[in-house]
$ cat work_12.pdb   # PDB, C-alpha atoms and all ligand atoms
ATOM      1  CA  MET Z   1      10.282-343.933 -45.327  1.00  0.00           C
ATOM      2  CA  THR Z   2      12.630-341.113 -46.277  1.00  0.00           C
ATOM      3  CA  VAL Z   3      15.220-340.134 -43.683  1.00  0.00           C
ATOM      4  CA  LEU Z   4      15.062-336.565 -42.354  1.00  0.00           C
ATOM      5  CA  VAL Z   5      18.003-335.411 -40.230  1.00  0.00           C
ATOM      6  CA  VAL Z   6      16.950-333.020 -37.475  1.00  0.00           C
ATOM      7  CA  ALA Z   7      19.793-330.496 -37.644  1.00  0.00           C
ATOM      8  CA  THR Z   8      19.962-329.106 -34.122  1.00  0.00           C
ATOM      9  CA  SER Z   9      22.300-329.433 -31.133  1.00  0.00           C
ATOM     10  CA  ASN Z  10      19.739-327.876 -28.776  1.00  0.00           C
ATOM     11  CA  PRO Z  11      17.933-330.679 -26.839  1.00  0.00           C
ATOM     12  CA  GLY Z  12      14.932-328.444 -26.057  1.00  0.00           C
ATOM     13  CA  LYS Z  13      14.405-327.637 -29.706  1.00  0.00           C
ATOM     14  CA  LEU Z  14      14.970-331.270 -30.685  1.00  0.00           C
ATOM     15  CA  THR Z  15      12.161-332.489 -28.409  1.00  0.00           C
ATOM     16  CA  GLU Z  16       9.746-329.895 -29.809  1.00  0.00           C
ATOM     17  CA  MET Z  17      10.744-330.533 -33.435  1.00  0.00           C
ATOM     18  CA  GLN Z  18      10.323-334.296 -33.000  1.00  0.00           C
ATOM     19  CA  ALA Z  19       6.818-333.738 -31.584  1.00  0.00           C
ATOM     20  CA  HIS Z  20       5.865-331.504 -34.528  1.00  0.00           C
ATOM     21  CA  LEU Z  21       7.219-334.018 -37.068  1.00  0.00           C
ATOM     22  CA  ALA Z  22       5.738-337.170 -35.500  1.00  0.00           C
ATOM     23  CA  GLY Z  23       3.406-339.135 -37.748  1.00  0.00           C
ATOM     24  CA  LEU Z  24       4.200-337.198 -40.914  1.00  0.00           C
ATOM     25  CA  GLY Z  25       5.828-340.166 -42.665  1.00  0.00           C
ATOM     26  CA  TRP Z  26       9.507-339.299 -42.225  1.00  0.00           C
ATOM     27  CA  GLU Z  27      12.124-341.466 -40.530  1.00  0.00           C
ATOM     28  CA  LEU Z  28      13.715-338.944 -38.172  1.00  0.00           C
ATOM     29  CA  ALA Z  29      17.457-339.149 -37.537  1.00  0.00           C
ATOM     30  CA  LEU Z  30      19.656-337.200 -35.142  1.00  0.00           C
ATOM     31  CA  LYS Z  31      22.355-334.880 -36.416  1.00  0.00           C
ATOM     32  CA  PRO Z  32      25.846-336.374 -35.898  1.00  0.00           C
ATOM     33  CA  GLU Z  33      27.121-334.584 -32.758  1.00  0.00           C
ATOM     34  CA  ALA Z  34      30.437-333.566 -34.315  1.00  0.00           C
ATOM     35  CA  LEU Z  35      28.759-331.754 -37.222  1.00  0.00           C
ATOM     36  CA  GLU Z  36      28.447-328.090 -36.238  1.00  0.00           C
ATOM     37  CA  VAL Z  37      27.463-325.309 -38.618  1.00  0.00           C
ATOM     38  CA  GLU Z  38      28.715-321.763 -38.085  1.00  0.00           C
ATOM     39  CA  GLU Z  39      25.799-319.325 -38.128  1.00  0.00           C
ATOM     40  CA  THR Z  40      27.188-316.562 -40.325  1.00  0.00           C
ATOM     41  CA  GLY Z  41      23.854-315.177 -41.561  1.00  0.00           C
ATOM     42  CA  ASP Z  42      22.295-311.845 -40.566  1.00  0.00           C
ATOM     43  CA  THR Z  43      18.744-313.200 -40.484  1.00  0.00           C
ATOM     44  CA  PHE Z  44      16.913-316.181 -39.004  1.00  0.00           C
ATOM     45  CA  ALA Z  45      16.050-317.318 -42.537  1.00  0.00           C
ATOM     46  CA  GLU Z  46      19.656-317.228 -43.738  1.00  0.00           C
ATOM     47  CA  ASN Z  47      20.860-319.221 -40.722  1.00  0.00           C
ATOM     48  CA  ALA Z  48      18.045-321.799 -40.937  1.00  0.00           C
ATOM     49  CA  CYS Z  49      18.841-322.394 -44.629  1.00  0.00           C
ATOM     50  CA  LEU Z  50      22.578-322.554 -43.913  1.00  0.00           C
ATOM     51  CA  LYS Z  51      22.133-325.178 -41.182  1.00  0.00           C
ATOM     52  CA  ALA Z  52      19.679-327.315 -43.191  1.00  0.00           C
ATOM     53  CA  SER Z  53      21.774-327.112 -46.329  1.00  0.00           C
ATOM     54  CA  GLU Z  54      25.145-327.930 -44.760  1.00  0.00           C
ATOM     55  CA  ILE Z  55      23.808-330.842 -42.695  1.00  0.00           C
ATOM     56  CA  ALA Z  56      22.009-332.257 -45.747  1.00  0.00           C
ATOM     57  CA  LEU Z  57      25.191-332.065 -47.814  1.00  0.00           C
ATOM     58  CA  ALA Z  58      27.327-333.575 -45.046  1.00  0.00           C
ATOM     59  CA  THR Z  59      24.963-336.497 -44.392  1.00  0.00           C
ATOM     60  CA  GLY Z  60      23.592-337.022 -47.899  1.00  0.00           C
ATOM     61  CA  GLU Z  61      20.061-337.037 -46.444  1.00  0.00           C
ATOM     62  CA  TRP Z  62      17.139-334.589 -46.241  1.00  0.00           C
ATOM     63  CA  ALA Z  63      17.641-332.198 -43.323  1.00  0.00           C
ATOM     64  CA  ILE Z  64      15.453-329.843 -41.296  1.00  0.00           C
ATOM     65  CA  ALA Z  65      16.831-326.900 -39.302  1.00  0.00           C
ATOM     66  CA  ASP Z  66      15.345-324.248 -37.043  1.00  0.00           C
ATOM     67  CA  ASP Z  67      16.844-320.845 -36.420  1.00  0.00           C
ATOM     68  CA  SER Z  68      15.057-318.912 -33.744  1.00  0.00           C
ATOM     69  CA  GLY Z  69      15.462-316.221 -31.151  1.00  0.00           C
ATOM     70  CA  LEU Z  70      13.995-313.454 -29.102  1.00  0.00           C
ATOM     71  CA  ALA Z  71      13.703-309.883 -30.432  1.00  0.00           C
ATOM     72  CA  VAL Z  72      13.119-307.274 -27.720  1.00  0.00           C
ATOM     73  CA  ASP Z  73      11.646-303.939 -28.884  1.00  0.00           C
ATOM     74  CA  ALA Z  74      13.377-301.720 -26.300  1.00  0.00           C
ATOM     75  CA  LEU Z  75      16.733-303.334 -27.217  1.00  0.00           C
ATOM     76  CA  ASP Z  76      16.249-302.600 -30.943  1.00  0.00           C
ATOM     77  CA  GLY Z  77      15.525-306.259 -31.685  1.00  0.00           C
ATOM     78  CA  ALA Z  78      18.394-307.735 -29.639  1.00  0.00           C
ATOM     79  CA  PRO Z  79      19.386-310.455 -28.938  1.00  0.00           C
ATOM     80  CA  GLY Z  80      17.737-311.563 -32.238  1.00  0.00           C
ATOM     81  CA  VAL Z  81      19.990-313.862 -34.280  1.00  0.00           C
ATOM     82  CA  TYR Z  82      22.516-313.645 -31.419  1.00  0.00           C
ATOM     83  CA  SER Z  83      20.076-315.189 -28.894  1.00  0.00           C
ATOM     84  CA  ALA Z  84      22.185-318.348 -28.489  1.00  0.00           C
ATOM     85  CA  ARG Z  85      25.411-316.341 -28.241  1.00  0.00           C
ATOM     86  CA  TYR Z  86      24.141-313.981 -25.509  1.00  0.00           C
ATOM     87  CA  GLY Z  87      25.701-316.076 -22.747  1.00  0.00           C
ATOM     88  CA  LYS Z  88      27.142-319.512 -22.013  1.00  0.00           C
ATOM     89  CA  THR Z  89      24.096-321.070 -20.324  1.00  0.00           C
ATOM     90  CA  ASP Z  90      20.339-320.441 -20.398  1.00  0.00           C
ATOM     91  CA  ALA Z  91      20.643-318.842 -16.925  1.00  0.00           C
ATOM     92  CA  ASP Z  92      23.453-316.518 -18.119  1.00  0.00           C
ATOM     93  CA  ARG Z  93      21.465-315.475 -21.171  1.00  0.00           C
ATOM     94  CA  ILE Z  94      18.360-314.712 -19.104  1.00  0.00           C
ATOM     95  CA  GLU Z  95      20.402-312.762 -16.558  1.00  0.00           C
ATOM     96  CA  ARG Z  96      22.070-310.667 -19.251  1.00  0.00           C
ATOM     97  CA  LEU Z  97      18.779-309.895 -20.963  1.00  0.00           C
ATOM     98  CA  LEU Z  98      17.092-308.863 -17.696  1.00  0.00           C
ATOM     99  CA  HIS Z  99      20.107-306.727 -16.796  1.00  0.00           C
ATOM    100  CA  GLU Z 100      20.133-304.954 -20.169  1.00  0.00           C
ATOM    101  CA  LEU Z 101      16.407-304.317 -20.021  1.00  0.00           C
ATOM    102  CA  GLY Z 102      16.619-303.053 -16.414  1.00  0.00           C
ATOM    103  CA  ASN Z 103      13.465-301.207 -15.356  1.00  0.00           C
ATOM    104  CA  GLU Z 104      12.471-300.330 -18.925  1.00  0.00           C
ATOM    105  CA  LEU Z 105       8.682-300.018 -19.086  1.00  0.00           C
ATOM    106  CA  ASN Z 106       8.334-301.225 -22.651  1.00  0.00           C
ATOM    107  CA  ARG Z 107       8.777-305.003 -22.223  1.00  0.00           C
ATOM    108  CA  ASP Z 108       7.318-305.934 -25.635  1.00  0.00           C
ATOM    109  CA  ALA Z 109       9.173-308.697 -27.487  1.00  0.00           C
ATOM    110  CA  GLN Z 110       8.632-311.411 -30.040  1.00  0.00           C
ATOM    111  CA  PHE Z 111       9.947-314.902 -30.470  1.00  0.00           C
ATOM    112  CA  VAL Z 112      10.722-315.697 -34.104  1.00  0.00           C
ATOM    113  CA  CYS Z 113      11.355-319.099 -35.680  1.00  0.00           C
ATOM    114  CA  VAL Z 114      12.300-319.982 -39.237  1.00  0.00           C
ATOM    115  CA  ILE Z 115      12.315-323.637 -40.272  1.00  0.00           C
ATOM    116  CA  ALA Z 116      14.075-324.762 -43.443  1.00  0.00           C
ATOM    117  CA  ILE Z 117      14.152-328.151 -45.145  1.00  0.00           C
ATOM    118  CA  ALA Z 118      16.999-329.043 -47.494  1.00  0.00           C
ATOM    119  CA  ARG Z 119      17.257-331.807 -50.069  1.00  0.00           C
ATOM    120  CA  PRO Z 120      20.221-334.226 -49.955  1.00  0.00           C
ATOM    121  CA  ASP Z 121      22.018-332.037 -52.530  1.00  0.00           C
ATOM    122  CA  GLY Z 122      21.807-329.054 -50.161  1.00  0.00           C
ATOM    123  CA  THR Z 123      19.178-327.077 -52.069  1.00  0.00           C
ATOM    124  CA  ILE Z 124      16.334-325.619 -50.007  1.00  0.00           C
ATOM    125  CA  ALA Z 125      12.979-327.287 -50.599  1.00  0.00           C
ATOM    126  CA  LEU Z 126      10.818-325.449 -48.057  1.00  0.00           C
ATOM    127  CA  GLN Z 127      10.940-322.604 -45.594  1.00  0.00           C
ATOM    128  CA  ALA Z 128       8.391-321.236 -43.096  1.00  0.00           C
ATOM    129  CA  GLU Z 129       8.321-318.584 -40.378  1.00  0.00           C
ATOM    130  CA  GLY Z 130       6.381-318.264 -37.152  1.00  0.00           C
ATOM    131  CA  VAL Z 131       6.201-315.318 -34.753  1.00  0.00           C
ATOM    132  CA  CYS Z 132       4.825-315.172 -31.200  1.00  0.00           C
ATOM    133  CA  PRO Z 133       4.383-311.754 -29.567  1.00  0.00           C
ATOM    134  CA  GLY Z 134       4.786-311.417 -25.812  1.00  0.00           C
ATOM    135  CA  ARG Z 135       6.447-309.544 -22.969  1.00  0.00           C
ATOM    136  CA  ILE Z 136       9.626-309.930 -20.954  1.00  0.00           C
ATOM    137  CA  LEU Z 137       8.953-310.391 -17.227  1.00  0.00           C
ATOM    138  CA  HIS Z 138      11.172-308.895 -14.509  1.00  0.00           C
ATOM    139  CA  SER Z 139      12.005-312.359 -13.158  1.00  0.00           C
ATOM    140  CA  PRO Z 140      11.663-315.990 -14.327  1.00  0.00           C
ATOM    141  CA  ARG Z 141       8.408-317.938 -13.847  1.00  0.00           C
ATOM    142  CA  GLY Z 142       7.810-321.663 -14.463  1.00  0.00           C
ATOM    143  CA  ASP Z 143       9.890-324.832 -14.820  1.00  0.00           C
ATOM    144  CA  GLY Z 144       8.995-326.128 -18.276  1.00  0.00           C
ATOM    145  CA  GLY Z 145      10.529-325.637 -21.690  1.00  0.00           C
ATOM    146  CA  PHE Z 146      14.058-324.354 -22.258  1.00  0.00           C
ATOM    147  CA  GLY Z 147      16.090-321.262 -23.083  1.00  0.00           C
ATOM    148  CA  TYR Z 148      14.327-317.943 -22.469  1.00  0.00           C
ATOM    149  CA  ASP Z 149      10.952-319.633 -21.751  1.00  0.00           C
ATOM    150  CA  PRO Z 150      10.705-318.578 -18.040  1.00  0.00           C
ATOM    151  CA  ILE Z 151      10.852-314.833 -18.846  1.00  0.00           C
ATOM    152  CA  PHE Z 152       8.663-314.856 -21.969  1.00  0.00           C
ATOM    153  CA  TYR Z 153       5.052-314.060 -21.027  1.00  0.00           C
ATOM    154  CA  VAL Z 154       2.197-314.535 -23.491  1.00  0.00           C
ATOM    155  CA  PRO Z 155      -0.598-312.114 -22.465  1.00  0.00           C
ATOM    156  CA  GLU Z 156      -3.467-313.993 -24.217  1.00  0.00           C
ATOM    157  CA  GLN Z 157      -2.642-317.132 -22.249  1.00  0.00           C
ATOM    158  CA  ARG Z 158      -1.572-315.299 -19.079  1.00  0.00           C
ATOM    159  CA  LEU Z 159       1.349-317.711 -18.860  1.00  0.00           C
ATOM    160  CA  THR Z 160       5.054-317.775 -19.629  1.00  0.00           C
ATOM    161  CA  PHE Z 161       6.229-320.403 -22.115  1.00  0.00           C
ATOM    162  CA  ALA Z 162       7.777-322.187 -19.103  1.00  0.00           C
ATOM    163  CA  GLU Z 163       4.366-322.324 -17.357  1.00  0.00           C
ATOM    164  CA  MET Z 164       2.601-323.808 -20.392  1.00  0.00           C
ATOM    165  CA  SER Z 165       2.076-327.524 -20.921  1.00  0.00           C
ATOM    166  CA  ARG Z 166       3.946-328.991 -23.898  1.00  0.00           C
ATOM    167  CA  ASP Z 167       0.699-328.976 -25.870  1.00  0.00           C
ATOM    168  CA  GLN Z 168      -0.004-325.318 -25.058  1.00  0.00           C
ATOM    169  CA  LYS Z 169       3.476-324.221 -26.071  1.00  0.00           C
ATOM    170  CA  ARG Z 170       3.173-326.344 -29.197  1.00  0.00           C
ATOM    171  CA  LEU Z 171      -0.010-324.508 -30.127  1.00  0.00           C
ATOM    172  CA  PHE Z 172       1.006-320.917 -29.368  1.00  0.00           C
ATOM    173  CA  SER Z 173       4.774-320.727 -29.845  1.00  0.00           C
ATOM    174  CA  HIS Z 174       6.757-319.266 -32.733  1.00  0.00           C
ATOM    175  CA  ARG Z 175       7.922-322.820 -33.507  1.00  0.00           C
ATOM    176  CA  GLY Z 176       4.341-324.122 -33.457  1.00  0.00           C
ATOM    177  CA  LYS Z 177       3.280-321.396 -35.877  1.00  0.00           C
ATOM    178  CA  ALA Z 178       6.213-322.085 -38.199  1.00  0.00           C
ATOM    179  CA  PHE Z 179       5.315-325.794 -38.291  1.00  0.00           C
ATOM    180  CA  GLU Z 180       1.657-324.916 -38.853  1.00  0.00           C
ATOM    181  CA  ALA Z 181       2.733-323.080 -42.023  1.00  0.00           C
ATOM    182  CA  LEU Z 182       5.248-325.757 -43.032  1.00  0.00           C
ATOM    183  CA  VAL Z 183       3.255-328.975 -42.595  1.00  0.00           C
ATOM    184  CA  PRO Z 184       0.703-328.419 -45.413  1.00  0.00           C
ATOM    185  CA  GLN Z 185       3.608-327.731 -47.798  1.00  0.00           C
ATOM    186  CA  LEU Z 186       5.421-330.866 -46.651  1.00  0.00           C
ATOM    187  CA  SER Z 187       2.840-333.191 -48.144  1.00  0.00           C
ATOM    188  CA  GLN Z 188       3.347-331.510 -51.554  1.00  0.00           C
ATOM    189  CA  LEU Z 189       7.091-332.250 -51.569  1.00  0.00           C
ATOM    190  CA  THR Z 190       8.425-334.479 -54.309  1.00  0.00           C
ATOM    191  CA  LEU Z 191      10.863-336.800 -52.614  1.00  0.00           C
ATOM    192  CA  SER Z 192      13.765-337.912 -54.758  1.00  0.00           C
TER     193      SER Z 192
HETATM  194  P1  LIG E   1      20.929-325.122 -33.058  1.00  0.00           P
HETATM  195  O1  LIG E   1      21.482-323.967 -33.850  1.00  0.00           O
HETATM  196  O2  LIG E   1      21.855-326.270 -32.955  1.00  0.00           O
HETATM  197  O3  LIG E   1      19.551-325.525 -33.529  1.00  0.00           O
HETATM  198  P2  LIG E   1      20.846-323.174 -30.921  1.00  0.00           P
HETATM  199  O4  LIG E   1      20.394-323.217 -29.499  1.00  0.00           O
HETATM  200  O5  LIG E   1      22.221-322.626 -31.190  1.00  0.00           O
HETATM  201  O6  LIG E   1      20.710-324.647 -31.527  1.00  0.00           O
HETATM  202  P3  LIG E   1      19.730-320.940 -32.397  1.00  0.00           P
HETATM  203  O7  LIG E   1      21.028-320.567 -32.986  1.00  0.00           O
HETATM  204  O8  LIG E   1      18.510-320.941 -33.280  1.00  0.00           O
HETATM  205  O9  LIG E   1      19.768-322.403 -31.763  1.00  0.00           O
HETATM  206  O10 LIG E   1      19.496-320.021 -31.134  1.00  0.00           O
HETATM  207  C1  LIG E   1      18.242-319.894 -30.571  1.00  0.00           C
HETATM  208  C2  LIG E   1      18.356-319.268 -29.195  1.00  0.00           C
HETATM  209  O11 LIG E   1      17.071-318.833 -28.793  1.00  0.00           O
HETATM  210  C3  LIG E   1      18.836-320.263 -28.146  1.00  0.00           C
HETATM  211  O12 LIG E   1      19.480-319.607 -27.097  1.00  0.00           O
HETATM  212  C4  LIG E   1      17.526-320.870 -27.680  1.00  0.00           C
HETATM  213  O13 LIG E   1      17.594-321.409 -26.378  1.00  0.00           O
HETATM  214  C5  LIG E   1      16.581-319.676 -27.766  1.00  0.00           C
HETATM  215  N1  LIG E   1      15.253-320.163 -28.130  1.00  0.00           N
HETATM  216  C6  LIG E   1      14.811-320.565 -29.363  1.00  0.00           C
HETATM  217  N2  LIG E   1      13.569-321.050 -29.276  1.00  0.00           N
HETATM  218  C7  LIG E   1      13.214-320.955 -27.987  1.00  0.00           C
HETATM  219  C8  LIG E   1      12.071-321.318 -27.272  1.00  0.00           C
HETATM  220  O14 LIG E   1      11.040-321.929 -27.847  1.00  0.00           O
HETATM  221  N3  LIG E   1      12.047-321.068 -25.965  1.00  0.00           N
HETATM  222  C9  LIG E   1      13.085-320.478 -25.338  1.00  0.00           C
HETATM  223  N4  LIG E   1      14.231-320.138 -25.924  1.00  0.00           N
HETATM  224  C10 LIG E   1      14.294-320.373 -27.252  1.00  0.00           C
END
$ encode --input "work_12.pdb" --output "structure tokens"
Amino acid sequence: MTVLVVATSNPGKLTEMQAHLAGLGWELALKPEALEVEETGDTFAENACLKASEIALATGEWAIADDSGLAVDALDGAPGVYSARYGKTDADRIERLLHELGNELNRDAQFVCVIAIARPDGTIALQAEGVCPGRILHSPRGDGGFGYDPIFYVPEQRLTFAEMSRDQKRLFSHRGKAFEALVPQLSQLTLS
């Protein structure tokens, strides 16, 4: 089996990515903890490619990276690519977002995820995007998931991401949709 390094330091993402990649014929490996990639891109796609490419080059293996975040309409798309840098902890980030949104009536937002796969020489082999529309609640609801999940409400499901089971989130989330687009392309990859 070909090794695929999962290039993330976020444990919540790692769990979800491992579930999406299970049974696809790759030998999954964890990113060496000390290897950190600076996210200098202006878009999710640029940062996903940067992370996949640098980790592939550093390890000499295939690598998969996810760049994702929450874009809030009333905040002109913020925090967007800065979602991870919005605060020190998940609780800080949620608090800051709720504070900035205040009593704004337009709570529309979308979660975006771009997944990139790089070859051992750092070139990008595949890329896919997934988007999940929703709304920002006034206060957190639910104990599951990670990150902004407790304040992200999906109207069609009448649940926040944090209230969904793992399988539900897997089906409806931005990450789930990105993997849905990526997986059919994965089987076409020429591994060398
Ligand atoms: P890596 O770069 O190491 O993968 P990261 O947490 O820094 O980890 P990003 O730069 O892509 O990842 O930042 C994504 C931010 O958006 C981060 O704060 C996440 O917690 C949050 N996020 C992404 N997907 C999410 C999801 O499914 N549910 C809740 N929050 C999510």
$ closest_atom_pairs --input "work_12.pdb" --of "chain Z" --to "ligand LIG 1 (chain E)" --cutoff "8 Å" --atoms "all atoms listed in the file" --output "Markdown table"
| residue | atom | partner | partner_atom | distance |
| --- | --- | --- | --- | --- |
| Z:Ala7 | CA | E:LIG1 | O3 | 6.5 |
| Z:Thr8 | CA | E:LIG1 | O2 | 3.6 |
| Z:Ser9 | CA | E:LIG1 | O2 | 3.7 |
| Z:Asn10 | CA | E:LIG1 | O6 | 4.4 |
| Z:Gly12 | CA | E:LIG1 | O13 | 7.5 |
| Z:Lys13 | CA | E:LIG1 | N2 | 6.7 |
| Z:Leu14 | CA | E:LIG1 | O3 | 7.9 |
| Z:Glu36 | CA | E:LIG1 | O2 | 7.6 |
| Z:Val37 | CA | E:LIG1 | O1 | 7.8 |
| Z:Glu39 | CA | E:LIG1 | O7 | 7.1 |
| Z:Phe44 | CA | E:LIG1 | O8 | 7.6 |
| Z:Asn47 | CA | E:LIG1 | O7 | 7.9 |
| Z:Ala48 | CA | E:LIG1 | O8 | 7.7 |
| Z:Lys51 | CA | E:LIG1 | O1 | 7.5 |
| Z:Ala65 | CA | E:LIG1 | O3 | 6.5 |
| Z:Asp66 | CA | E:LIG1 | O3 | 5.6 |
| Z:Asp67 | CA | E:LIG1 | O8 | 3.6 |
| Z:Ser68 | CA | E:LIG1 | O8 | 4.0 |
| Z:Gly69 | CA | E:LIG1 | O11 | 3.9 |
| Z:Leu70 | CA | E:LIG1 | O11 | 6.2 |
| Z:Val81 | CA | E:LIG1 | O7 | 6.9 |
| Z:Tyr82 | CA | E:LIG1 | O10 | 7.1 |
| Z:Ser83 | CA | E:LIG1 | C2 | 4.4 |
| Z:Ala84 | CA | E:LIG1 | O12 | 3.3 |
| Z:Arg85 | CA | E:LIG1 | O12 | 6.9 |
| Z:Tyr86 | CA | E:LIG1 | O12 | 7.5 |
| Z:Asp90 | CA | E:LIG1 | O13 | 6.7 |
| Z:Arg93 | CA | E:LIG1 | O12 | 7.5 |
| Z:Phe111 | CA | E:LIG1 | N2 | 7.2 |
| Z:Val112 | CA | E:LIG1 | N2 | 7.8 |
| Z:Cys113 | CA | E:LIG1 | N2 | 7.1 |
| Z:Gly145 | CA | E:LIG1 | N3 | 6.4 |
| Z:Phe146 | CA | E:LIG1 | C9 | 5.0 |
| Z:Gly147 | CA | E:LIG1 | N4 | 3.6 |
| Z:Tyr148 | CA | E:LIG1 | C9 | 4.0 |
| Z:Asp149 | CA | E:LIG1 | C9 | 4.3 |
| Z:Pro150 | CA | E:LIG1 | C9 | 7.9 |
| Z:Phe152 | CA | E:LIG1 | C9 | 7.9 |
| Z:Phe161 | CA | E:LIG1 | N3 | 7.0 |
| Z:Ser173 | CA | E:LIG1 | O14 | 6.7 |
| Z:His174 | CA | E:LIG1 | O14 | 7.0 |
| Z:Arg175 | CA | E:LIG1 | O14 | 6.5 |
$ write_last_selection --input "work_12.pdb" --atoms "C-alpha atoms" --output "PDB file, keeping the file's coordinate frame"
ATOM      1  CA  ALA Z   7      19.793-330.496 -37.644  1.00  0.00           C
ATOM      2  CA  THR Z   8      19.962-329.106 -34.122  1.00  0.00           C
ATOM      3  CA  SER Z   9      22.300-329.433 -31.133  1.00  0.00           C
ATOM      4  CA  ASN Z  10      19.739-327.876 -28.776  1.00  0.00           C
ATOM      5  CA  GLY Z  12      14.932-328.444 -26.057  1.00  0.00           C
ATOM      6  CA  LYS Z  13      14.405-327.637 -29.706  1.00  0.00           C
ATOM      7  CA  LEU Z  14      14.970-331.270 -30.685  1.00  0.00           C
ATOM      8  CA  GLU Z  36      28.447-328.090 -36.238  1.00  0.00           C
ATOM      9  CA  VAL Z  37      27.463-325.309 -38.618  1.00  0.00           C
ATOM     10  CA  GLU Z  39      25.799-319.325 -38.128  1.00  0.00           C
ATOM     11  CA  PHE Z  44      16.913-316.181 -39.004  1.00  0.00           C
ATOM     12  CA  ASN Z  47      20.860-319.221 -40.722  1.00  0.00           C
ATOM     13  CA  ALA Z  48      18.045-321.799 -40.937  1.00  0.00           C
ATOM     14  CA  LYS Z  51      22.133-325.178 -41.182  1.00  0.00           C
ATOM     15  CA  ALA Z  65      16.831-326.900 -39.302  1.00  0.00           C
ATOM     16  CA  ASP Z  66      15.345-324.248 -37.043  1.00  0.00           C
ATOM     17  CA  ASP Z  67      16.844-320.845 -36.420  1.00  0.00           C
ATOM     18  CA  SER Z  68      15.057-318.912 -33.744  1.00  0.00           C
ATOM     19  CA  GLY Z  69      15.462-316.221 -31.151  1.00  0.00           C
ATOM     20  CA  LEU Z  70      13.995-313.454 -29.102  1.00  0.00           C
ATOM     21  CA  VAL Z  81      19.990-313.862 -34.280  1.00  0.00           C
ATOM     22  CA  TYR Z  82      22.516-313.645 -31.419  1.00  0.00           C
ATOM     23  CA  SER Z  83      20.076-315.189 -28.894  1.00  0.00           C
ATOM     24  CA  ALA Z  84      22.185-318.348 -28.489  1.00  0.00           C
ATOM     25  CA  ARG Z  85      25.411-316.341 -28.241  1.00  0.00           C
ATOM     26  CA  TYR Z  86      24.141-313.981 -25.509  1.00  0.00           C
ATOM     27  CA  ASP Z  90      20.339-320.441 -20.398  1.00  0.00           C
ATOM     28  CA  ARG Z  93      21.465-315.475 -21.171  1.00  0.00           C
ATOM     29  CA  PHE Z 111       9.947-314.902 -30.470  1.00  0.00           C
ATOM     30  CA  VAL Z 112      10.722-315.697 -34.104  1.00  0.00           C
ATOM     31  CA  CYS Z 113      11.355-319.099 -35.680  1.00  0.00           C
ATOM     32  CA  GLY Z 145      10.529-325.637 -21.690  1.00  0.00           C
ATOM     33  CA  PHE Z 146      14.058-324.354 -22.258  1.00  0.00           C
ATOM     34  CA  GLY Z 147      16.090-321.262 -23.083  1.00  0.00           C
ATOM     35  CA  TYR Z 148      14.327-317.943 -22.469  1.00  0.00           C
ATOM     36  CA  ASP Z 149      10.952-319.633 -21.751  1.00  0.00           C
ATOM     37  CA  PRO Z 150      10.705-318.578 -18.040  1.00  0.00           C
ATOM     38  CA  PHE Z 152       8.663-314.856 -21.969  1.00  0.00           C
ATOM     39  CA  PHE Z 161       6.229-320.403 -22.115  1.00  0.00           C
ATOM     40  CA  SER Z 173       4.774-320.727 -29.845  1.00  0.00           C
ATOM     41  CA  HIS Z 174       6.757-319.266 -32.733  1.00  0.00           C
ATOM     42  CA  ARG Z 175       7.922-322.820 -33.507  1.00  0.00           C
TER      43      ARG Z 175
END
$ residues_around --input "work_12.pdb" --residues "Asp73 (chain Z)" --least-positions-apart "3" --cutoff "6 Å" --atoms "all atoms listed in the file" --output "ChimeraX atom specification"
/Z:76-77,108-109
$ write_last_selection --input "work_12.pdb" --atoms "C-alpha atoms" --output "compact mmCIF listing (two decimals), keeping the file's coordinate frame"
# COMPACT_ATOMS: atom_id res chain seq x y z
CA ASP Z 76 16.25 -302.60 -30.94
CA GLY Z 77 15.52 -306.26 -31.68
CA ASP Z 108 7.32 -305.93 -25.64
CA ALA Z 109 9.17 -308.70 -27.49
$ resolve_selection --input "work_12.pdb" --expression "the PyMOL selection byres (((chain Z and resi 20) around 12) and not hetatm)" --output "PyMOL selection string"
chain Z and resi 6+13-19+21-26+28+64+115+166-167+169-171+173+175-183
$ resolve_selection --input "work_12.pdb" --expression "the PyMOL selection byres (((chain Z and resi 191) around 12) and not hetatm)" --output "list of chain:residue names"
Z:Met1, Z:Thr2, Z:Val3, Z:Leu4, Z:Gly25, Z:Trp26, Z:Glu61, Z:Trp62, Z:Ile117, Z:Ala118, Z:Arg119, Z:Pro120, Z:Ala125, Z:Leu186, Z:Ser187, Z:Gln188, Z:Leu189, Z:Thr190, Z:Ser192
$ resolve_selection --input "work_12.pdb" --expression "the PyMOL selection byres (((chain Z and resi 55) around 8) and not hetatm)" --output "JSON list (two decimals) with C-alpha atoms, keeping the file's coordinate frame"
[["chain", "number", "residue", "atom", "x", "y", "z"],
["Z", 5, "VAL", "CA", 18.00, -335.41, -40.23],
["Z", 7, "ALA", "CA", 19.79, -330.50, -37.64],
["Z", 31, "LYS", "CA", 22.36, -334.88, -36.42],
["Z", 35, "LEU", "CA", 28.76, -331.75, -37.22],
["Z", 37, "VAL", "CA", 27.46, -325.31, -38.62],
["Z", 51, "LYS", "CA", 22.13, -325.18, -41.18],
["Z", 52, "ALA", "CA", 19.68, -327.32, -43.19],
["Z", 53, "SER", "CA", 21.77, -327.11, -46.33],
["Z", 54, "GLU", "CA", 25.14, -327.93, -44.76],
["Z", 56, "ALA", "CA", 22.01, -332.26, -45.75],
["Z", 57, "LEU", "CA", 25.19, -332.06, -47.81],
["Z", 58, "ALA", "CA", 27.33, -333.58, -45.05],
["Z", 59, "THR", "CA", 24.96, -336.50, -44.39],
["Z", 63, "ALA", "CA", 17.64, -332.20, -43.32],
["Z", 122, "GLY", "CA", 21.81, -329.05, -50.16]]
$ closest_residue --input "work_12.pdb" --among "Z:Glu27, Z:Pro79, Z:Pro184, Z:Ala71" --to "Val131 (chain Z)" --atoms "all atoms listed in the file"
Z:Ala71
$ atom_distance --input "work_12.pdb" --atom1 "CA of Thr123 (chain Z)" --atom2 "CA of Ala45 (chain Z)"
14.0 Å
